[in-house]
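Take a look at the structure below.
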Amino acid sequence: MKKSVAIIGTRGYPSYYGGFETLIRQLAPYLSSQGWDVTVYGREGATKTDDPELDPTVKTVVTKGIESKSLSTLSYGLSSNLHASFKKPDVALVMNVANGYWLPLLKARGIPTVVNVDGIEWERAKWGKKAKTAFKLGAHLTAKFADRIVVDSRAIGRRWEEEFSRTGDFIPYGGTNPGKLDPVEGLAPGSYALMVARFVPENSVEQFFDAAVELATDSDVVIVGSSGYGGELDAKAEQLSLQYPRVHWLGHVSDDRKLFSLWQHAGAYFHGHSVGGTNPALVQAMACGAPIVARDTPFNREVLGDLGRFVRPIPSEIASNLSVVINNIEIQDQLRNAALVRQQDEYTWDLVCKKYEQSIIEAIEQR
């Protein structure tokens with residue numbers, strides 16, 4: 001009989017919401033091809049059911065939850081974990097420490113668990129005090145009840161060893177090389193600064209917006225992203241695009257080919273994420289050969305090594321470094337080639353999927 005795995009804690013399959021969903025679009029079909037019976041839990045309306053790359057062998061289950069910034073992860077996690085505990089798969093792959101609250105349900109049913117702990121959620125500025133406390137408690141429960149944990153960066157792994165006395169399986173994200181793509185209409189290759197990020201403070205969004213005003217005097221500036229719930233940063237992005245003709249706010253882009261083209265043809269890509277481990281957007285930007293200017297953090301340095309340009313979250317510093325790259329084709333080419341080589345050596349989906357399969361196999365054997 002096939003071994004069965006339930007994947008819990010994402011928006012479903014196939015979904016284009018964020019990093020977890022990108023991972024599952026690769027991992028679920030891979031596990032199915034290796035003989036696993038795969039079930040992915042998700043949310044109504046969050047998946048692209050007409051996706052031509054959809055693998056029909058991957059089963060999906062939609063559960064109920066509360067759609068709000070503070071309650072969606074917990075509520076969908078509860079309903080998914082309840083359903084999975086009833087179905088009793090051979091192993092559960094659980095995403096996000098917020099699901100640590102529900103691990104005892106799986107443990108009581110004898111279901112081994114592998115938990116991707118994601119970043120340091122309780123340090124994210126977007127969360128209030130109560131949410132930060134909830135995530136920290138979820139992390140403690142994950143440390144107590146998970147059979148194995150996955151960390152997507154070595155720096156995150158060190159934090160878990162220090163704070164929770166748990167060692168994790170290091171499994172980063174992969175990137176997809178899209179081949180040569182046509183540039184997006186209206187944007188000349190190599191001529192624009194690009195940011196791709198969810199609109200939360202820890203992604204240096206406000207600092208990039210201020211830098212965009214300076215950049216827009218000489219270059220196009222493309223902003224991809226939103227908060228997902230509206231708000232002040234979305235309003236500011238819209239205002240910038242109306243006030244400055246060379247600032248283009250595209251909102252959330254779910255078309256991978258368009259997003260990959262934006263990275264591939266950017267004159268410079270700013271990656272401002274500061275809290276978290278290996279960021280999937282950064283890895284994919286590398287796979288597309290984007291010339292990268294990144295906020296100086298241990299996580300970004302771990303991924304890029306010495307192959308990017310690093311800046312402090314100061315608008316003038318962001319603007320000046322992006323401008324240097326946009327206006328120097330030799331620097332652009334150097335950064336493009338270095339990013340591509342590093343991604344192909346260290347961050348491929350084949351390597352990532354094999355490591356996840358090994359982790360869930362070891363969880364079953366361990367239990």
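By order in the structure tokens, chains are A, B, ...; within a chain, residues start at 1; ligands start at 1, following the order shown.
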What's the 9 Å shell around A:Val303, counting only C-alpha atoms, without same-chain residues fewer than 3 positions away, as JSON, numbers by chain?
{"A": [153, 278, 279, 282, 283, 298, 299, 300, 342, 343, 346, 347]}
I'd like the neighbourhood of A:Tyr13 as a PyMOL selection string, where a residue qualifies if any of its atoms comes within 7 Å (using only C-alpha atoms), though same-chain residues fewer than 6 positions away should be ignored.
chain A and resi 24-25+40+42+47+60
For the residues selected in the previous step, produce a file with C-alpha atoms as a PDB file, in the first residue's frame.
```pdb
ATOM      1  CA  ILE A  24       3.754  22.854  -2.213  1.00  0.00           C
ATOM      2  CA  ARG A  25       3.282  23.372  -5.976  1.00  0.00           C
ATOM      3  CA  VAL A  40      -3.135  19.011   0.621  1.00  0.00           C
ATOM      4  CA  GLY A  42      -6.505  24.449   1.818  1.00  0.00           C
ATOM      5  CA  THR A  47      -6.452  27.797  -5.354  1.00  0.00           C
ATOM      6  CA  THR A  60      -7.138  18.349  -1.994  1.00  0.00           C
TER       7      THR A  60
END
```
So which residues of stretch 27-118 of chain A fall under strand (DSSP E or B) by DSSP, listed as a PyMOL selection string?
chain A and resi 37-42+59-62+91-95+113-116
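Compared by their closest atoms to A:Ile156, and using only C-alpha atoms, the residues A:Ala287, A:Ser204, A:Pro52, A:Val117 rank with A:Val117 nearest.
Coordinates place atom CA of A:Trp127 at a distance of 26.3 Å from atom CA of A:Leu105.
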Check stretch 25-121 of chain A with DSSP on the backbone and list each residue it calls helix (DSSP H, G or I), as a VMD selection string.
chain A and resid 25 to 33 72 to 87 97 to 108 121
Any chance you could export the current selection's N, CA, C and O atoms as a compact mmCIF listing (two decimals), in the first residue's frame?
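Final file, again_18.txt:
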```
# COMPACT_ATOMS: atom_id res chain seq x y z
N ARG A 25 3.49 23.60 -4.54
CA ARG A 25 3.28 23.37 -5.98
C ARG A 25 4.38 22.48 -6.54
O ARG A 25 4.18 21.79 -7.54
N GLN A 26 5.54 22.50 -5.93
CA GLN A 26 6.64 21.64 -6.36
C GLN A 26 6.63 20.30 -5.61
O GLN A 26 6.81 19.24 -6.21
N LEU A 27 6.43 20.37 -4.30
CA LEU A 27 6.60 19.19 -3.45
C LEU A 27 5.46 18.17 -3.60
O LEU A 27 5.73 16.96 -3.65
N ALA A 28 4.21 18.63 -3.66
CA ALA A 28 3.09 17.68 -3.70
C ALA A 28 3.16 16.77 -4.94
O ALA A 28 3.07 15.54 -4.80
N PRO A 29 3.36 17.31 -6.15
CA PRO A 29 3.51 16.42 -7.31
C PRO A 29 4.73 15.52 -7.22
O PRO A 29 4.70 14.37 -7.67
N TYR A 30 5.82 16.05 -6.65
CA TYR A 30 7.03 15.23 -6.51
C TYR A 30 6.75 14.02 -5.63
O TYR A 30 7.09 12.88 -5.99
N LEU A 31 6.15 14.24 -4.47
CA LEU A 31 5.86 13.12 -3.56
C LEU A 31 4.91 12.12 -4.22
O LEU A 31 5.08 10.91 -4.08
N SER A 32 3.93 12.63 -4.95
CA SER A 32 3.00 11.74 -5.65
C SER A 32 3.75 10.88 -6.67
O SER A 32 3.49 9.68 -6.80
N SER A 33 4.70 11.50 -7.37
CA SER A 33 5.47 10.75 -8.38
C SER A 33 6.37 9.69 -7.75
O SER A 33 6.76 8.73 -8.41
N SER A 72 -7.12 33.72 10.73
CA SER A 72 -7.22 32.78 9.61
C SER A 72 -6.29 31.58 9.79
O SER A 72 -6.70 30.43 9.63
N THR A 73 -5.02 31.83 10.15
CA THR A 73 -4.06 30.72 10.27
C THR A 73 -4.49 29.74 11.36
O THR A 73 -4.49 28.52 11.15
N LEU A 74 -4.90 30.26 12.51
CA LEU A 74 -5.30 29.40 13.62
C LEU A 74 -6.58 28.64 13.31
O LEU A 74 -6.70 27.44 13.57
N SER A 75 -7.58 29.33 12.74
CA SER A 75 -8.87 28.69 12.52
C SER A 75 -8.82 27.65 11.42
O SER A 75 -9.34 26.53 11.57
N TYR A 76 -8.14 27.96 10.32
CA TYR A 76 -7.99 26.96 9.25
C TYR A 76 -7.09 25.82 9.71
O TYR A 76 -7.28 24.67 9.33
N GLY A 77 -6.11 26.15 10.54
CA GLY A 77 -5.25 25.10 11.09
C GLY A 77 -6.03 24.12 11.93
O GLY A 77 -5.83 22.90 11.84
N LEU A 78 -6.93 24.63 12.76
CA LEU A 78 -7.74 23.75 13.61
C LEU A 78 -8.60 22.81 12.78
O LEU A 78 -8.61 21.59 12.99
N SER A 79 -9.33 23.36 11.79
CA SER A 79 -10.22 22.52 11.00
C SER A 79 -9.44 21.50 10.17
O SER A 79 -9.86 20.34 10.02
N SER A 80 -8.28 21.89 9.66
CA SER A 80 -7.47 20.97 8.86
C SER A 80 -6.89 19.85 9.73
O SER A 80 -6.89 18.68 9.35
N ASN A 81 -6.39 20.22 10.91
CA ASN A 81 -5.81 19.22 11.80
C ASN A 81 -6.86 18.25 12.32
O ASN A 81 -6.59 17.05 12.48
N LEU A 82 -8.07 18.74 12.58
CA LEU A 82 -9.16 17.86 13.01
C LEU A 82 -9.49 16.84 11.92
O LEU A 82 -9.64 15.65 12.19
N HIS A 83 -9.59 17.33 10.69
CA HIS A 83 -9.91 16.44 9.57
C HIS A 83 -8.80 15.41 9.37
O HIS A 83 -9.07 14.21 9.18
N ALA A 84 -7.55 15.87 9.42
CA ALA A 84 -6.42 14.96 9.22
C ALA A 84 -6.33 13.93 10.34
O ALA A 84 -6.02 12.75 10.10
N SER A 85 -6.62 14.35 11.58
CA SER A 85 -6.55 13.40 12.69
C SER A 85 -7.60 12.31 12.54
O SER A 85 -7.38 11.16 12.93
N PHE A 86 -8.73 12.65 11.93
CA PHE A 86 -9.77 11.66 11.67
C PHE A 86 -9.34 10.70 10.56
O PHE A 86 -9.54 9.48 10.65
N LYS A 87 -8.72 11.24 9.50
CA LYS A 87 -8.30 10.42 8.36
C LYS A 87 -7.06 9.57 8.67
O LYS A 87 -6.85 8.53 8.05
N VAL A 97 4.46 27.53 12.80
CA VAL A 97 4.37 27.20 14.23
C VAL A 97 3.01 27.53 14.82
O VAL A 97 2.69 27.07 15.92
N ALA A 98 2.20 28.34 14.14
CA ALA A 98 0.85 28.60 14.64
C ALA A 98 0.06 27.30 14.76
O ALA A 98 -0.86 27.20 15.57
N ASN A 99 0.43 26.31 13.97
CA ASN A 99 -0.23 25.01 14.06
C ASN A 99 0.30 24.15 15.20
O ASN A 99 -0.17 23.03 15.41
N GLY A 100 1.25 24.69 15.95
CA GLY A 100 1.74 23.99 17.12
C GLY A 100 0.64 23.71 18.13
O GLY A 100 0.69 22.71 18.87
N TYR A 101 -0.37 24.58 18.17
CA TYR A 101 -1.50 24.39 19.10
C TYR A 101 -2.25 23.10 18.81
O TYR A 101 -2.86 22.51 19.72
N TRP A 102 -2.23 22.68 17.55
CA TRP A 102 -3.07 21.53 17.16
C TRP A 102 -2.26 20.25 17.00
O TRP A 102 -2.84 19.20 16.72
N LEU A 103 -0.95 20.30 17.21
CA LEU A 103 -0.14 19.08 17.10
C LEU A 103 -0.56 17.99 18.08
O LEU A 103 -0.47 16.80 17.74
N PRO A 104 -1.02 18.33 19.30
CA PRO A 104 -1.47 17.26 20.20
C PRO A 104 -2.61 16.42 19.61
O PRO A 104 -2.74 15.24 19.94
N LEU A 105 -3.44 17.02 18.73
CA LEU A 105 -4.51 16.25 18.07
C LEU A 105 -3.92 15.14 17.22
O LEU A 105 -4.40 14.01 17.23
N LEU A 106 -2.87 15.47 16.48
CA LEU A 106 -2.23 14.48 15.62
C LEU A 106 -1.45 13.47 16.46
O LEU A 106 -1.46 12.27 16.16
N LYS A 107 -0.79 13.96 17.49
CA LYS A 107 0.00 13.07 18.34
C LYS A 107 -0.90 12.04 19.03
O LYS A 107 -0.55 10.86 19.15
N ALA A 108 -2.10 12.47 19.47
CA ALA A 108 -3.03 11.57 20.15
C ALA A 108 -3.48 10.44 19.23
O ALA A 108 -3.84 9.35 19.69
N GLU A 121 8.22 34.46 13.57
CA GLU A 121 6.97 35.21 13.43
C GLU A 121 6.74 36.19 14.57
O GLU A 121 6.15 37.25 14.37
```
In terms of the shortest atom-to-atom distance over only C-alpha atoms, which of A:Glu53, A:Asp296, A:Asp147, A:Glu317 is closest to A:Glu214?
A:Glu317
